[in-house]
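Novice: First, the structure itself, so that you have it in front of you.
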Amino acid sequence: MDTPTSAQADDMFQATMLSGRHVQLVPLSLDHLDSLISAVRDGELWKLWYTSAPSPEEMHAEIHRRLALQESRSMLPFTVIERATRQTVGMTTYMNVDTINRRVEIGSTWYARRSSEPP
C-alpha cells in the first residue's frame, strides 16, 4: 500500500457531506449551535452516565473544540441530520485520524433521544 500524499491527506479534511438512507452527516459549523442545543436537550443527554455529551451551556465551546481539532488535522466533525424530518439529531466525528496508515475512529457520537427510539 502506498503512503498517501500530502494532497490526499489534505483532501480528507475538506468539508464534505455524507448521506445515507436515514441521516446526512454535514460538516459541523457554528450555524448548527441552536439545533444541537435542542437535540442535546432531548433526553438531557449530558446527564447520562453511559455517554458523554455537552450540556446546552457547553455546546458553543464543544463546537469550537471540535473545529480546532479539525484544524489540527486530528478530527473531522459532523452534525447528524435526520433526512425524513431535516432535524438535527446529534454529532459524530472521524477522530484519531492517522493519514499515514489510512485509519480513523468513529466516535464522540451522541444522538437525541427521539432518534434512538423505535418508530
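Residue names in the C-alpha cells use chain letters A, B, ... in the order shown, residue numbers from 1 in each chain, and ligand numbers from 1 in the order shown.
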Taking the chain letters and numbering used in this document, name the residues of chain A that DSSP puts in strand (DSSP E or B), as JSON, numbers by chain.

Specialist: {"A": [18, 19, 23, 24, 25, 26, 27, 75, 76, 77, 78, 79, 80, 81, 82, 88, 89, 90, 91, 92, 93, 94, 95, 96, 97, 98, 103, 104, 105, 106, 107, 108, 109, 110, 111]}

Novice: Taking only residues of region 21-76 of chain A that have an atom at most 6 Å from an atom of region 93-112 of chain A, what is each one's shortest atom pair and its distance in Å to one decimal, using only C-alpha atoms, in chain and number order, as a Markdown table?

Specialist:
```
| residue | atom | partner | partner_atom | distance |
| --- | --- | --- | --- | --- |
| A:Ala39 | CA | A:Ala112 | CA | 5.0 |
| A:Val40 | CA | A:Ala112 | CA | 5.7 |
| A:Asp42 | CA | A:Ala112 | CA | 5.3 |
| A:Ser74 | CA | A:Val97 | CA | 5.1 |
| A:Met75 | CA | A:Met95 | CA | 4.4 |
| A:Leu76 | CA | A:Tyr94 | CA | 5.0 |
```

Novice: So which residues touch Met91 (chain A) within 12 Å, counting only C-alpha atoms, skipping near sequence neighbours fewer than 3 positions away, as a ChimeraX atom specification?

Specialist: /A:23-29,32-33,35-37,39-40,52-54,59,62-63,66,76-82,88,94,106-112

Novice: So, with only C-alpha atoms as the atoms that count, which of A:Lys47, A:Ala84, A:His64, A:Ser72 lies closest to Leu30 (chain A)?

Specialist: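 Using only C-alpha atoms, the shortest distance to Leu30 (chain A) belongs to A:His64.
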
Novice: Kindly indicate which residue among A:His22, A:Asp31, A:Ser115, A:Thr16 lies nearest to His60 (chain A), using only C-alpha atoms for the distances.

Specialist: A:Asp31

Novice: So what do you get for CA of Glu71 (chain A) versus CA of Thr92 (chain A), distance-wise?

Specialist: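 Computing the Euclidean distance for CA of Glu71 (chain A) and CA of Thr92 (chain A) yields 16.4 Å.
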
Novice: To one decimal place, how far is CA of Asp34 (chain A) from CA of Ala68 (chain A) in Å?

Specialist: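 CA of Ala68 (chain A) lies at a distance of 19.5 Å from CA of Asp34 (chain A).
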